[in-house]
Structures are given as C-alpha cells and as structure tokens.
2 protein chains.
Amino acid sequence: MTYLEERIRKDGVICPGNVLKIDSFLNQQIDPQVMKEVAGDFYRHFKDRGISKILTIEASGIAPAIMLAAELNVPMVFAKKAKPSTMEGQDHYSKDIYSYTKKTWSQVVVSKDYLKKEDSVLIIDDFLANGEASMGLVDLVSQAGAQVAGIGICVEKSFQPGRQRLEEAGLEVYSIVRIAGIDWEKQEIYFKEGH
Amino acid sequence: MTYLEERIRKDGVICPGNVLKIDSFLNQQIDPQVMKEVAGDFYRHFKDRGISKILTIEASGIAPAIMLAAELNVPMVFAKKAKPSTMEGQDHYSKDIYSYTKKTWSQVVVSKDYLKKEDSVLIIDDFLANGEASMGLVDLVSQAGAQVAGIGICVEKSFQPGRQRLEEAGLEVYSIVRIAGIDWEKQEIYFKEGH
C-alpha cells in the first residue's frame with residue numbers, strides 16, 4: 001500500500017453524494033511526505049522518457065509538479081484558470097473547460113513563451129475525475145505543437161470517465177492511487193489495483 | 001551572489017513603469033534549481049524556530065512553500081484567493097486585501113481546520129511589495145490565535161513599503177533577494193545587501 005493510499009484510508013472524509021474530501025493532506029493542507037512519495041513514484045516511472053517540461057494547473061497541481069520537477073531537473077509550468085475570454089490574445093494558449101462539480105465554464109491559459117514545439121511535456125495533476133482539466137492541458141500542449149509524454153495523477157477516480165477519455169486520445173495515464181468506488185452509507189473507499 | 005539574483009540579472013525583464021517580470025523562472029514557469037536554493041536558504045535561517053506549519057497564498061507561493069515544507073517536515077497550507085464575501089462562514093478565516101497592481105479588492109481565505117492556536121506559522125511568499133498579501137496572511141494567523149514565527153520572501157522590492165509595514169507590526173522578514181531599485185530607461189536592476 002502506498003503512503004498516499006494509507007492517508008486516504010485514515011484521513012479521507014466521505015461526504016454525502018459519495019464525494020471524497022482529502023484536503024487535509026493533498027489539496028489545501030499538503031503533507032510533504034505524501035509529496036515526496038508521489039514525486040519519487042512519478043520519477044521512477046517517467047525518468048527515461050526524455051521529458052523537457054512539466055505542465056500542471058493552479059493551484060493544487062503545483063506542489064506535486066514542483067517536487068517532481070526538482071527530481072527530473074526540468075522546468076515546471078502552471079496553467080492559470082481564468083474566466084472564459086479574459087486572457088485571449090496573441091501571447092497565450094487557452095482552452096475552455098467545463099467543471100462538472102461547479103457546473104461552470106472556465107479557461108486554462110498558459111503563456112506561449114513556456115510551451116515550445118520541441119518540448120516533451122509531462123502533465124501532472126492532483127485529481128483525475130472527468131478529465132476536463134487534463135484534456136484542457138493536453139490541448140494547450142497540442143496548440144504549441146509539442147508532445148505529451150504522459151499524464152501523472154495523484155488520485156484517480158476510476159469510476160469516472162477521465163482516464164478512458166485520455167487513453168482513447170492515445171495518452172498514457174499513470175496514477176499513484178486509483179479509487180474504484182466510494183460508498184457514503186457504508187463509509188467505505190474501494191481501491192483499484194495497478195497504476 | 002545567490003542563484004536567484006543571478007537569474008534575475010540574466011532573465012528578468014524590466015518593463016515600462018519600472019516593473020520587473022520574472023515569470024520565466026519564479027512565477028509561471030518555475031526553475032526547480034531556484035526553488036532548491038530558496039528552500040535551502042529558508043531552511044538554514046528558520047530551522048530552529050519550532051515551526052509547526054507553513055502558510056502561503058495561491059498560486060505562486062506554493063512552489064517555494066512545499067519545497068521548504070519537505071525540508072522542515074511540517075505541513076504546508078495555502079490560502080485561497082476569492083472575491084470578497086464569497087467564502088464567508090463559520091468554516092473559514094478570511095481577510096479582505098487590496099491589490100495595488102490590479103486596483104481591486106479580493107479576499108484571502110483559509111479553512112479553520114488548518115490553522116490552530118498552538119501553531120507556530122512561517123509565512124512564505126514569492127514577492128513582497130506593498131505587503132498586502134503578507135499582512136492578510138498574518139491576519140489569518142492572528143484570527144486562529146496562532147503565532148507568526150517569521151516571514152520568508154523570495155524577492156523583496158525594498159523600495160516599496162511591505163517590509164516596513166511587517167516590521168512595524170513586530171514581525172521578522174527574511175528575503176532571499178532584495179531589490180533596491182529598477183530603472184527601465186537604463187535597463188538596470190539595483191540590489192540591496194542583506195536579507
């Protein structure tokens with residue numbers, strides 16, 4: 001069992017609607033031991049892929065992304081979230097994405113200076129559920145003419161379609177922890193084998 | 001000369017109005033070597049202060065804060081930015097702050113679960129200029145009844161009043177790099193000795 005899985009079992013809060021709250025160690029308060037383990041695990045998996053840059057999205061993707069960047073010794077770039085159309089322009093790549101949780105559209109935006117066509121980009125995020133954020137980041141990489149080397153996720157909700165969407169787009173997804181199901185009534189979290 | 005100062009001299013862009021743009025290695029694209037140096041420097045300075053928690057503000061404070069948290073082996077918490085009054089409530093500490101750059105009010109917000117009265121909190125941020133963000137974080141710590149152990153800043157604009165405001169409030173500020181002045185016409189950055 002990974003340390004992250006252990007923390008999820010111990011400190012994850014299962015809320016009505018089968019929502020898992022893990023912001024005491026991954027989202028708002030961040031346990032550096034979890035980050036060290038996650039970065040080390042991503043490093044072992046991705047170290048020989050010729051990665052030139054790590055791309056994530058603010059805010060909670062930044063911690064695992066910079067810890068891994070320090071191990072791979074490559075720059076880390078974070079896309080910003082903006083309201084649709086507030087940051088259009090010649091200087092930025094942008095892509096509208098839909099939040100199923102908040103039921104609103106937003107935009108992921110990154111400066112053209114920091115994604116180049118020669119880049120081999122590893123995308124890192126804390127959560128994968130419907131895959132909107134990750135697909136948005138993949139789109140930014142494509143706009144730059146660069147390659148996606150893979151997608152590293154801390155916690156995947158395997159019962160939601162994100163992973164399948166990314167794999168159908170020909171991308172490799174590597175998740176530290178995969179959650180097969182959450183049962184609020186039984187207060188149970190079911191994990192899935194493999195990464 | 002620190003590595004961060006070296007990068008500012010080499011890659012900092014001086015824009016009209018004496019604005020320094022360093023988002024190629026500190027803000028949007030982040031150089032992990034800079035983060036390692038910064039975290040190591042903060043660690044040496046603050047390691048014997050009995051710090052129990054690191055507090056920063058999304059998004060660009062997160063990278064130095066988590067790197068330092070990994071060295072000190074304490075949790076890192078990031079305050080979120082919100083529109084005024086969108087996150088009021090029993091669960092959060094919040095404080096309105098003014099952005100002199102954007103000329104707008106916003107709010108810094110942190111869950112009450114992650115700041116406790118027994119905490120000794122080190123505040124970390126990437127930039128210190130007018131000190132609004134740092135003063136806001138200090139206020140959140142005070143609301144929790146906790147202590148501020150110090151304030152660690154990556155780049156201080158010493159010609160703006162942030163440091164003085166914090167020191168007048170009885171707080172210690174430790175900055176990796178201090179900038180005494182920026183001259184757009186001469187394309188010069190002047191550094192200040194000390195931390």
# chains A, B, ... in the order shown; residues from 1 in each chain; ligands from 1
$ closest_atom_pairs --of "chain B" --to "chain A" --cutoff "12 Å" --atoms "only C-alpha atoms" --output "Markdown table"
| residue | atom | partner | partner_atom | distance |
| --- | --- | --- | --- | --- |
| B:Asp23 | CA | A:Tyr114 | CA | 9.7 |
| B:Ser24 | CA | A:Tyr114 | CA | 7.5 |
| B:Phe25 | CA | A:Pro75 | CA | 7.9 |
| B:Leu26 | CA | A:Val77 | CA | 9.8 |
| B:Asn27 | CA | A:Val77 | CA | 8.7 |
| B:Gln28 | CA | A:Val77 | CA | 5.7 |
| B:Gln29 | CA | A:Val77 | CA | 4.2 |
| B:Ile30 | CA | A:Met76 | CA | 5.2 |
| B:Asp31 | CA | A:Pro75 | CA | 5.0 |
| B:Pro32 | CA | A:Ala70 | CA | 4.9 |
| B:Gln33 | CA | A:Ala70 | CA | 7.0 |
| B:Val34 | CA | A:Ala70 | CA | 9.6 |
| B:Met35 | CA | A:Ala70 | CA | 8.1 |
| B:Lys36 | CA | A:Ala70 | CA | 7.4 |
| B:Glu37 | CA | A:Ala70 | CA | 10.9 |
| B:Ala39 | CA | A:Ala70 | CA | 11.6 |
| B:Lys53 | CA | A:Gln29 | CA | 9.6 |
| B:Ile54 | CA | A:Gln29 | CA | 9.4 |
| B:Leu55 | CA | A:Gln29 | CA | 9.1 |
| B:Thr56 | CA | A:Gln29 | CA | 10.4 |
| B:Ile57 | CA | A:Ala59 | CA | 9.6 |
| B:Glu58 | CA | A:Ala59 | CA | 6.1 |
| B:Ala59 | CA | A:Ala59 | CA | 5.4 |
| B:Ser60 | CA | A:Ala59 | CA | 8.5 |
| B:Gly61 | CA | A:Ile62 | CA | 9.7 |
| B:Ile62 | CA | A:Ala63 | CA | 6.4 |
| B:Ala63 | CA | A:Ala63 | CA | 6.0 |
| B:Pro64 | CA | A:Ile66 | CA | 8.8 |
| B:Ala65 | CA | A:Ala63 | CA | 8.7 |
| B:Ile66 | CA | A:Ala63 | CA | 6.0 |
| B:Met67 | CA | A:Met67 | CA | 6.9 |
| B:Leu68 | CA | A:Pro32 | CA | 9.0 |
| B:Ala69 | CA | A:Pro32 | CA | 6.0 |
| B:Ala70 | CA | A:Pro32 | CA | 4.9 |
| B:Glu71 | CA | A:Pro32 | CA | 8.5 |
| B:Leu72 | CA | A:Pro32 | CA | 9.1 |
| B:Asn73 | CA | A:Pro32 | CA | 6.5 |
| B:Val74 | CA | A:Pro32 | CA | 7.0 |
| B:Pro75 | CA | A:Asp31 | CA | 5.0 |
| B:Met76 | CA | A:Ile30 | CA | 5.2 |
| B:Val77 | CA | A:Gln29 | CA | 4.2 |
| B:Phe78 | CA | A:Gln28 | CA | 5.8 |
| B:Ala79 | CA | A:Gln28 | CA | 7.6 |
| B:Lys80 | CA | A:Gln28 | CA | 8.4 |
| B:Lys81 | CA | A:Ala59 | CA | 10.4 |
| B:Val109 | CA | A:Gln28 | CA | 10.7 |
| B:Val110 | CA | A:Gln28 | CA | 8.3 |
| B:Ser111 | CA | A:Gln28 | CA | 8.3 |
| B:Lys112 | CA | A:Gln29 | CA | 11.1 |
| B:Asp113 | CA | A:Ser24 | CA | 8.2 |
| B:Tyr114 | CA | A:Gln29 | CA | 6.7 |
| B:Leu115 | CA | A:Gln29 | CA | 9.7 |
$ calpha_fit_and_write --fixed "chain A" --moving "chain B" --output "PDB file with C-alpha atoms, in the first residue's frame"
ATOM      1  CA  MET B   1      -0.016  -0.007   0.009  1.00  0.00           C
ATOM      2  CA  THR B   2       1.302   3.457  -0.848  1.00  0.00           C
ATOM      3  CA  TYR B   3       1.600   6.115   1.849  1.00  0.00           C
ATOM      4  CA  LEU B   4      -0.969   8.190  -0.064  1.00  0.00           C
ATOM      5  CA  GLU B   5      -3.462   5.288  -0.008  1.00  0.00           C
ATOM      6  CA  GLU B   6      -2.803   4.894   3.711  1.00  0.00           C
ATOM      7  CA  ARG B   7      -3.536   8.607   4.306  1.00  0.00           C
ATOM      8  CA  ILE B   8      -6.728   8.388   2.229  1.00  0.00           C
ATOM      9  CA  ARG B   9      -7.919   5.422   4.312  1.00  0.00           C
ATOM     10  CA  LYS B  10      -7.033   7.193   7.562  1.00  0.00           C
ATOM     11  CA  ASP B  11      -7.925  10.832   6.903  1.00  0.00           C
ATOM     12  CA  GLY B  12     -10.150  10.919   3.816  1.00  0.00           C
ATOM     13  CA  VAL B  13     -13.649  12.181   4.613  1.00  0.00           C
ATOM     14  CA  ILE B  14     -16.520  10.584   2.706  1.00  0.00           C
ATOM     15  CA  CYS B  15     -19.300  13.116   2.234  1.00  0.00           C
ATOM     16  CA  PRO B  16     -22.893  12.659   1.045  1.00  0.00           C
ATOM     17  CA  GLY B  17     -23.071  12.081  -2.710  1.00  0.00           C
ATOM     18  CA  ASN B  18     -20.003   9.830  -2.484  1.00  0.00           C
ATOM     19  CA  VAL B  19     -17.641  12.791  -2.494  1.00  0.00           C
ATOM     20  CA  LEU B  20     -14.171  12.196  -1.093  1.00  0.00           C
ATOM     21  CA  LYS B  21     -12.568  15.114   0.745  1.00  0.00           C
ATOM     22  CA  ILE B  22      -8.802  14.834   1.119  1.00  0.00           C
ATOM     23  CA  ASP B  23      -7.838  18.455   1.562  1.00  0.00           C
ATOM     24  CA  SER B  24      -6.194  17.812   4.921  1.00  0.00           C
ATOM     25  CA  PHE B  25      -3.139  16.353   3.145  1.00  0.00           C
ATOM     26  CA  LEU B  26      -3.440  16.824  -0.642  1.00  0.00           C
ATOM     27  CA  ASN B  27      -5.432  19.906  -1.569  1.00  0.00           C
ATOM     28  CA  GLN B  28      -5.390  22.805   0.846  1.00  0.00           C
ATOM     29  CA  GLN B  29      -3.125  21.472   3.570  1.00  0.00           C
ATOM     30  CA  ILE B  30      -0.359  19.457   1.958  1.00  0.00           C
ATOM     31  CA  ASP B  31       1.659  16.744   3.665  1.00  0.00           C
ATOM     32  CA  PRO B  32       5.235  16.937   2.327  1.00  0.00           C
ATOM     33  CA  GLN B  33       5.713  13.204   2.981  1.00  0.00           C
ATOM     34  CA  VAL B  34       2.889  12.472   0.542  1.00  0.00           C
ATOM     35  CA  MET B  35       4.524  14.816  -1.980  1.00  0.00           C
ATOM     36  CA  LYS B  36       7.933  13.155  -1.586  1.00  0.00           C
ATOM     37  CA  GLU B  37       6.427   9.730  -2.176  1.00  0.00           C
ATOM     38  CA  VAL B  38       4.347  10.885  -5.123  1.00  0.00           C
ATOM     39  CA  ALA B  39       7.276  12.707  -6.754  1.00  0.00           C
ATOM     40  CA  GLY B  40       9.564   9.708  -6.228  1.00  0.00           C
ATOM     41  CA  ASP B  41       6.986   7.352  -7.717  1.00  0.00           C
ATOM     42  CA  PHE B  42       6.424   9.599 -10.792  1.00  0.00           C
ATOM     43  CA  TYR B  43      10.203   9.975 -11.137  1.00  0.00           C
ATOM     44  CA  ARG B  44      10.812   6.210 -11.261  1.00  0.00           C
ATOM     45  CA  HIS B  45       8.044   5.769 -13.818  1.00  0.00           C
ATOM     46  CA  PHE B  46       8.829   8.695 -16.150  1.00  0.00           C
ATOM     47  CA  LYS B  47      12.568   9.316 -15.751  1.00  0.00           C
ATOM     48  CA  ASP B  48      13.649   7.745 -19.073  1.00  0.00           C
ATOM     49  CA  ARG B  49      11.052   9.438 -21.283  1.00  0.00           C
ATOM     50  CA  GLY B  50      13.156  12.453 -22.286  1.00  0.00           C
ATOM     51  CA  ILE B  51      10.801  14.877 -20.566  1.00  0.00           C
ATOM     52  CA  SER B  52      11.746  18.532 -21.034  1.00  0.00           C
ATOM     53  CA  LYS B  53       8.956  20.205 -19.101  1.00  0.00           C
ATOM     54  CA  ILE B  54       6.241  19.565 -16.531  1.00  0.00           C
ATOM     55  CA  LEU B  55       2.837  21.179 -17.002  1.00  0.00           C
ATOM     56  CA  THR B  56       0.172  21.433 -14.324  1.00  0.00           C
ATOM     57  CA  ILE B  57      -2.755  23.675 -13.406  1.00  0.00           C
ATOM     58  CA  GLU B  58      -3.084  26.012 -10.456  1.00  0.00           C
ATOM     59  CA  ALA B  59      -3.428  25.616  -7.542  1.00  0.00           C
ATOM     60  CA  SER B  60      -3.275  22.107  -6.130  1.00  0.00           C
ATOM     61  CA  GLY B  61      -1.282  20.590  -8.999  1.00  0.00           C
ATOM     62  CA  ILE B  62       1.664  22.858  -8.245  1.00  0.00           C
ATOM     63  CA  ALA B  63       2.998  21.022  -5.182  1.00  0.00           C
ATOM     64  CA  PRO B  64       3.441  17.562  -6.768  1.00  0.00           C
ATOM     65  CA  ALA B  65       4.607  19.159 -10.027  1.00  0.00           C
ATOM     66  CA  ILE B  66       7.436  21.214  -8.491  1.00  0.00           C
ATOM     67  CA  MET B  67       8.589  18.314  -6.292  1.00  0.00           C
ATOM     68  CA  LEU B  68       8.852  16.133  -9.388  1.00  0.00           C
ATOM     69  CA  ALA B  69      10.479  18.952 -11.407  1.00  0.00           C
ATOM     70  CA  ALA B  70      13.189  19.100  -8.735  1.00  0.00           C
ATOM     71  CA  GLU B  71      13.870  15.373  -9.207  1.00  0.00           C
ATOM     72  CA  LEU B  72      13.802  15.449 -13.017  1.00  0.00           C
ATOM     73  CA  ASN B  73      15.607  18.814 -13.072  1.00  0.00           C
ATOM     74  CA  VAL B  74      13.323  20.318 -15.703  1.00  0.00           C
ATOM     75  CA  PRO B  75      11.204  23.503 -15.547  1.00  0.00           C
ATOM     76  CA  MET B  76       7.655  23.330 -14.254  1.00  0.00           C
ATOM     77  CA  VAL B  77       4.920  25.475 -15.814  1.00  0.00           C
ATOM     78  CA  PHE B  78       1.489  26.010 -14.361  1.00  0.00           C
ATOM     79  CA  ALA B  79      -1.534  26.950 -16.424  1.00  0.00           C
ATOM     80  CA  LYS B  80      -3.762  29.575 -14.891  1.00  0.00           C
ATOM     81  CA  LYS B  81      -7.501  29.399 -14.544  1.00  0.00           C
ATOM     82  CA  ALA B  82      -9.397  32.372 -15.899  1.00  0.00           C
ATOM     83  CA  LYS B  83     -12.914  33.321 -16.803  1.00  0.00           C
ATOM     84  CA  PRO B  84     -13.652  32.483 -20.435  1.00  0.00           C
ATOM     85  CA  SER B  85     -12.201  35.073 -22.795  1.00  0.00           C
ATOM     86  CA  THR B  86     -10.448  37.243 -20.186  1.00  0.00           C
ATOM     87  CA  MET B  87      -6.987  36.224 -21.308  1.00  0.00           C
ATOM     88  CA  GLU B  88      -7.378  35.729 -25.050  1.00  0.00           C
ATOM     89  CA  GLY B  89      -4.636  37.119 -27.172  1.00  0.00           C
ATOM     90  CA  GLN B  90      -1.511  36.553 -29.144  1.00  0.00           C
ATOM     91  CA  ASP B  91       0.597  35.796 -26.074  1.00  0.00           C
ATOM     92  CA  HIS B  92      -1.333  32.846 -24.658  1.00  0.00           C
ATOM     93  CA  TYR B  93      -2.641  29.443 -25.503  1.00  0.00           C
ATOM     94  CA  SER B  94      -6.080  28.977 -23.987  1.00  0.00           C
ATOM     95  CA  LYS B  95      -8.798  26.368 -23.854  1.00  0.00           C
ATOM     96  CA  ASP B  96     -12.292  26.469 -22.363  1.00  0.00           C
ATOM     97  CA  ILE B  97     -13.055  23.661 -19.916  1.00  0.00           C
ATOM     98  CA  TYR B  98     -16.219  22.651 -18.078  1.00  0.00           C
ATOM     99  CA  SER B  99     -16.348  21.961 -14.349  1.00  0.00           C
ATOM    100  CA  TYR B 100     -18.839  19.178 -13.605  1.00  0.00           C
ATOM    101  CA  THR B 101     -18.558  19.972  -9.875  1.00  0.00           C
ATOM    102  CA  LYS B 102     -19.214  23.707 -10.158  1.00  0.00           C
ATOM    103  CA  LYS B 103     -21.283  23.457 -13.365  1.00  0.00           C
ATOM    104  CA  THR B 104     -19.436  26.422 -14.855  1.00  0.00           C
ATOM    105  CA  TRP B 105     -17.124  27.038 -17.770  1.00  0.00           C
ATOM    106  CA  SER B 106     -13.656  28.375 -17.219  1.00  0.00           C
ATOM    107  CA  GLN B 107     -10.477  28.677 -19.201  1.00  0.00           C
ATOM    108  CA  VAL B 108      -6.983  27.255 -18.805  1.00  0.00           C
ATOM    109  CA  VAL B 109      -4.312  29.603 -20.035  1.00  0.00           C
ATOM    110  CA  VAL B 110      -0.560  29.403 -20.481  1.00  0.00           C
ATOM    111  CA  SER B 111       1.949  31.836 -21.939  1.00  0.00           C
ATOM    112  CA  LYS B 112       3.289  30.887 -25.381  1.00  0.00           C
ATOM    113  CA  ASP B 113       6.782  31.581 -24.045  1.00  0.00           C
ATOM    114  CA  TYR B 114       6.694  28.452 -21.892  1.00  0.00           C
ATOM    115  CA  LEU B 115       5.470  25.734 -24.253  1.00  0.00           C
ATOM    116  CA  LYS B 116       7.549  25.168 -27.390  1.00  0.00           C
ATOM    117  CA  LYS B 117       7.117  22.687 -30.237  1.00  0.00           C
ATOM    118  CA  GLU B 118      10.332  20.868 -29.259  1.00  0.00           C
ATOM    119  CA  ASP B 119       9.010  20.194 -25.735  1.00  0.00           C
ATOM    120  CA  SER B 120       8.167  16.736 -24.442  1.00  0.00           C
ATOM    121  CA  VAL B 121       5.644  17.560 -21.747  1.00  0.00           C
ATOM    122  CA  LEU B 122       4.635  15.534 -18.706  1.00  0.00           C
ATOM    123  CA  ILE B 123       1.227  16.630 -17.372  1.00  0.00           C
ATOM    124  CA  ILE B 124       0.777  16.346 -13.599  1.00  0.00           C
ATOM    125  CA  ASP B 125      -2.390  16.884 -11.570  1.00  0.00           C
ATOM    126  CA  ASP B 126      -3.682  16.044  -8.122  1.00  0.00           C
ATOM    127  CA  PHE B 127      -7.053  14.602  -9.214  1.00  0.00           C
ATOM    128  CA  LEU B 128      -8.463  12.902 -12.276  1.00  0.00           C
ATOM    129  CA  ALA B 129     -12.238  12.514 -12.478  1.00  0.00           C
ATOM    130  CA  ASN B 130     -13.978  13.561 -15.706  1.00  0.00           C
ATOM    131  CA  GLY B 131     -10.675  14.557 -17.230  1.00  0.00           C
ATOM    132  CA  GLU B 132     -11.714  18.060 -18.279  1.00  0.00           C
ATOM    133  CA  ALA B 133      -8.663  19.760 -16.750  1.00  0.00           C
ATOM    134  CA  SER B 134      -6.220  17.175 -18.126  1.00  0.00           C
ATOM    135  CA  MET B 135      -7.812  17.280 -21.590  1.00  0.00           C
ATOM    136  CA  GLY B 136      -7.523  21.066 -21.453  1.00  0.00           C
ATOM    137  CA  LEU B 137      -3.811  20.833 -20.652  1.00  0.00           C
ATOM    138  CA  VAL B 138      -3.326  18.289 -23.465  1.00  0.00           C
ATOM    139  CA  ASP B 139      -4.984  20.777 -25.807  1.00  0.00           C
ATOM    140  CA  LEU B 140      -2.577  23.555 -24.732  1.00  0.00           C
ATOM    141  CA  VAL B 141       0.371  21.259 -25.481  1.00  0.00           C
ATOM    142  CA  SER B 142      -1.097  20.438 -28.917  1.00  0.00           C
ATOM    143  CA  GLN B 143      -1.595  24.136 -29.683  1.00  0.00           C
ATOM    144  CA  ALA B 144       2.143  24.597 -29.048  1.00  0.00           C
ATOM    145  CA  GLY B 145       2.898  21.709 -31.426  1.00  0.00           C
ATOM    146  CA  ALA B 146       4.633  19.900 -28.570  1.00  0.00           C
ATOM    147  CA  GLN B 147       4.317  16.268 -27.486  1.00  0.00           C
ATOM    148  CA  VAL B 148       2.571  14.888 -24.385  1.00  0.00           C
ATOM    149  CA  ALA B 149       4.970  12.374 -22.811  1.00  0.00           C
ATOM    150  CA  GLY B 150       2.383  11.119 -20.342  1.00  0.00           C
ATOM    151  CA  ILE B 151      -0.036  12.101 -17.607  1.00  0.00           C
ATOM    152  CA  GLY B 152       0.747  11.601 -13.917  1.00  0.00           C
ATOM    153  CA  ILE B 153      -2.135  11.751 -11.443  1.00  0.00           C
ATOM    154  CA  CYS B 154      -2.046  11.592  -7.640  1.00  0.00           C
ATOM    155  CA  VAL B 155      -5.601  10.321  -7.119  1.00  0.00           C
ATOM    156  CA  GLU B 156      -7.708   8.874  -9.938  1.00  0.00           C
ATOM    157  CA  LYS B 157     -11.419   8.285  -9.562  1.00  0.00           C
ATOM    158  CA  SER B 158     -11.547   5.233 -11.780  1.00  0.00           C
ATOM    159  CA  PHE B 159     -15.351   5.165 -11.729  1.00  0.00           C
ATOM    160  CA  GLN B 160     -15.430   8.440 -13.657  1.00  0.00           C
ATOM    161  CA  PRO B 161     -14.529   8.674 -17.354  1.00  0.00           C
ATOM    162  CA  GLY B 162     -11.343  10.791 -17.222  1.00  0.00           C
ATOM    163  CA  ARG B 163      -8.823   8.008 -17.693  1.00  0.00           C
ATOM    164  CA  GLN B 164     -10.763   6.408 -20.527  1.00  0.00           C
ATOM    165  CA  ARG B 165     -11.061   9.743 -22.364  1.00  0.00           C
ATOM    166  CA  LEU B 166      -7.303  10.311 -22.103  1.00  0.00           C
ATOM    167  CA  GLU B 167      -6.443   6.760 -23.143  1.00  0.00           C
ATOM    168  CA  GLU B 168      -8.808   6.986 -26.107  1.00  0.00           C
ATOM    169  CA  ALA B 169      -6.842  10.060 -27.147  1.00  0.00           C
ATOM    170  CA  GLY B 170      -3.743   7.822 -27.240  1.00  0.00           C
ATOM    171  CA  LEU B 171      -2.234   9.079 -23.979  1.00  0.00           C
ATOM    172  CA  GLU B 172      -0.678   7.123 -21.132  1.00  0.00           C
ATOM    173  CA  VAL B 173      -2.090   7.755 -17.669  1.00  0.00           C
ATOM    174  CA  TYR B 174      -0.110   6.777 -14.577  1.00  0.00           C
ATOM    175  CA  SER B 175      -1.927   7.229 -11.262  1.00  0.00           C
ATOM    176  CA  ILE B 176      -0.408   6.797  -7.806  1.00  0.00           C
ATOM    177  CA  VAL B 177      -3.756   5.780  -6.312  1.00  0.00           C
ATOM    178  CA  ARG B 178      -6.851   4.555  -8.144  1.00  0.00           C
ATOM    179  CA  ILE B 179     -10.223   4.651  -6.436  1.00  0.00           C
ATOM    180  CA  ALA B 180     -12.740   2.116  -7.709  1.00  0.00           C
ATOM    181  CA  GLY B 181     -15.658   3.365  -5.667  1.00  0.00           C
ATOM    182  CA  ILE B 182     -16.839   5.420  -2.694  1.00  0.00           C
ATOM    183  CA  ASP B 183     -19.778   4.431  -0.523  1.00  0.00           C
ATOM    184  CA  TRP B 184     -21.043   7.153   1.788  1.00  0.00           C
ATOM    185  CA  GLU B 185     -23.600   4.941   3.547  1.00  0.00           C
ATOM    186  CA  LYS B 186     -21.029   2.291   4.409  1.00  0.00           C
ATOM    187  CA  GLN B 187     -18.278   4.932   4.794  1.00  0.00           C
ATOM    188  CA  GLU B 188     -16.076   2.772   2.576  1.00  0.00           C
ATOM    189  CA  ILE B 189     -13.502   3.578  -0.078  1.00  0.00           C
ATOM    190  CA  TYR B 190     -12.667   0.830  -2.585  1.00  0.00           C
ATOM    191  CA  PHE B 191      -9.252   0.912  -4.228  1.00  0.00           C
ATOM    192  CA  LYS B 192      -8.281  -0.486  -7.618  1.00  0.00           C
ATOM    193  CA  GLU B 193      -5.049  -2.402  -8.221  1.00  0.00           C
ATOM    194  CA  GLY B 194      -2.387  -1.061 -10.584  1.00  0.00           C
ATOM    195  CA  HIS B 195      -1.463   2.437 -11.676  1.00  0.00           C
TER     196      HIS B 195
END
$ select_by_dssp --residues "region 20-180 of chain A" --states "helix (DSSP H, G or I)" --output "MDAnalysis selection string"
chainID A and resid 23:27 32:46 62:72 112:114 132:143 162:168
$ select_by_dssp --residues "region 126-182 of chain A" --states "strand (DSSP E)" --output "number ranges by chain"
A: 126-128, 147-157, 173-182
$ decode --residues "region 162-183 of chain B" --atoms "N, CA and C atoms" --output "mmCIF file, in the first residue's frame"
data_model
loop_
_atom_site.group_PDB
_atom_site.id
_atom_site.type_symbol
_atom_site.label_atom_id
_atom_site.label_comp_id
_atom_site.auth_asym_id
_atom_site.auth_seq_id
_atom_site.Cartn_x
_atom_site.Cartn_y
_atom_site.Cartn_z
ATOM 1 N N GLY B 162 6.247 47.249 1.905
ATOM 2 C CA GLY B 162 5.832 45.983 2.524
ATOM 3 C C GLY B 162 6.651 45.569 3.729
ATOM 4 N N ARG B 163 7.975 45.574 3.566
ATOM 5 C CA ARG B 163 8.828 45.132 4.672
ATOM 6 C C ARG B 163 8.643 46.000 5.904
ATOM 7 N N GLN B 164 8.623 47.316 5.680
ATOM 8 C CA GLN B 164 8.479 48.241 6.809
ATOM 9 C C GLN B 164 7.162 48.015 7.557
ATOM 10 N N ARG B 165 6.076 47.803 6.793
ATOM 11 C CA ARG B 165 4.775 47.543 7.429
ATOM 12 C C ARG B 165 4.838 46.305 8.314
ATOM 13 N N LEU B 166 5.477 45.241 7.794
ATOM 14 C CA LEU B 166 5.554 43.986 8.549
ATOM 15 C C LEU B 166 6.437 44.154 9.782
ATOM 16 N N GLU B 167 7.565 44.849 9.596
ATOM 17 C CA GLU B 167 8.471 45.048 10.738
ATOM 18 C C GLU B 167 7.820 45.919 11.817
ATOM 19 N N GLU B 168 7.071 46.914 11.372
ATOM 20 C CA GLU B 168 6.362 47.770 12.341
ATOM 21 C C GLU B 168 5.308 46.993 13.123
ATOM 22 N N ALA B 169 4.848 45.892 12.517
ATOM 23 C CA ALA B 169 3.904 45.021 13.231
ATOM 24 C C ALA B 169 4.645 44.003 14.108
ATOM 25 N N GLY B 170 5.977 44.187 14.236
ATOM 26 C CA GLY B 170 6.759 43.336 15.135
ATOM 27 C C GLY B 170 7.179 42.014 14.529
ATOM 28 N N LEU B 171 7.142 41.909 13.203
ATOM 29 C CA LEU B 171 7.442 40.635 12.541
ATOM 30 C C LEU B 171 8.816 40.656 11.897
ATOM 31 N N GLU B 172 9.458 39.494 11.844
ATOM 32 C CA GLU B 172 10.747 39.387 11.173
ATOM 33 C C GLU B 172 10.549 39.003 9.710
ATOM 34 N N VAL B 173 11.193 39.740 8.830
ATOM 35 C CA VAL B 173 11.144 39.424 7.402
ATOM 36 C C VAL B 173 12.527 38.970 6.959
ATOM 37 N N TYR B 174 12.571 37.821 6.276
ATOM 38 C CA TYR B 174 13.834 37.325 5.731
ATOM 39 C C TYR B 174 13.634 37.123 4.230
ATOM 40 N N SER B 175 14.369 37.900 3.431
ATOM 41 C CA SER B 175 14.202 37.827 1.975
ATOM 42 C C SER B 175 15.457 37.261 1.326
ATOM 43 N N ILE B 176 15.275 36.368 0.366
ATOM 44 C CA ILE B 176 16.423 35.795 -0.344
ATOM 45 C C ILE B 176 17.110 36.888 -1.159
ATOM 46 N N VAL B 177 16.322 37.654 -1.889
ATOM 47 C CA VAL B 177 16.858 38.731 -2.724
ATOM 48 C C VAL B 177 16.094 40.014 -2.409
ATOM 49 N N ARG B 178 16.849 41.101 -2.262
ATOM 50 C CA ARG B 178 16.226 42.411 -2.026
ATOM 51 C C ARG B 178 16.581 43.340 -3.186
ATOM 52 N N ILE B 179 15.565 43.929 -3.768
ATOM 53 C CA ILE B 179 15.778 44.832 -4.897
ATOM 54 C C ILE B 179 15.610 46.269 -4.418
ATOM 55 N N ALA B 180 16.683 47.045 -4.600
ATOM 56 C CA ALA B 180 16.678 48.432 -4.115
ATOM 57 C C ALA B 180 16.022 49.367 -5.124
ATOM 58 N N GLY B 181 16.106 49.008 -6.388
ATOM 59 C CA GLY B 181 15.509 49.876 -7.401
ATOM 60 C C GLY B 181 15.539 49.233 -8.777
ATOM 61 N N ILE B 182 14.652 49.717 -9.645
ATOM 62 C CA ILE B 182 14.555 49.227 -11.024
ATOM 63 C C ILE B 182 14.503 50.457 -11.917
ATOM 64 N N ASP B 183 15.344 50.471 -12.949
ATOM 65 C CA ASP B 183 15.362 51.621 -13.844
ATOM 66 C C ASP B 183 15.128 51.148 -15.268
#
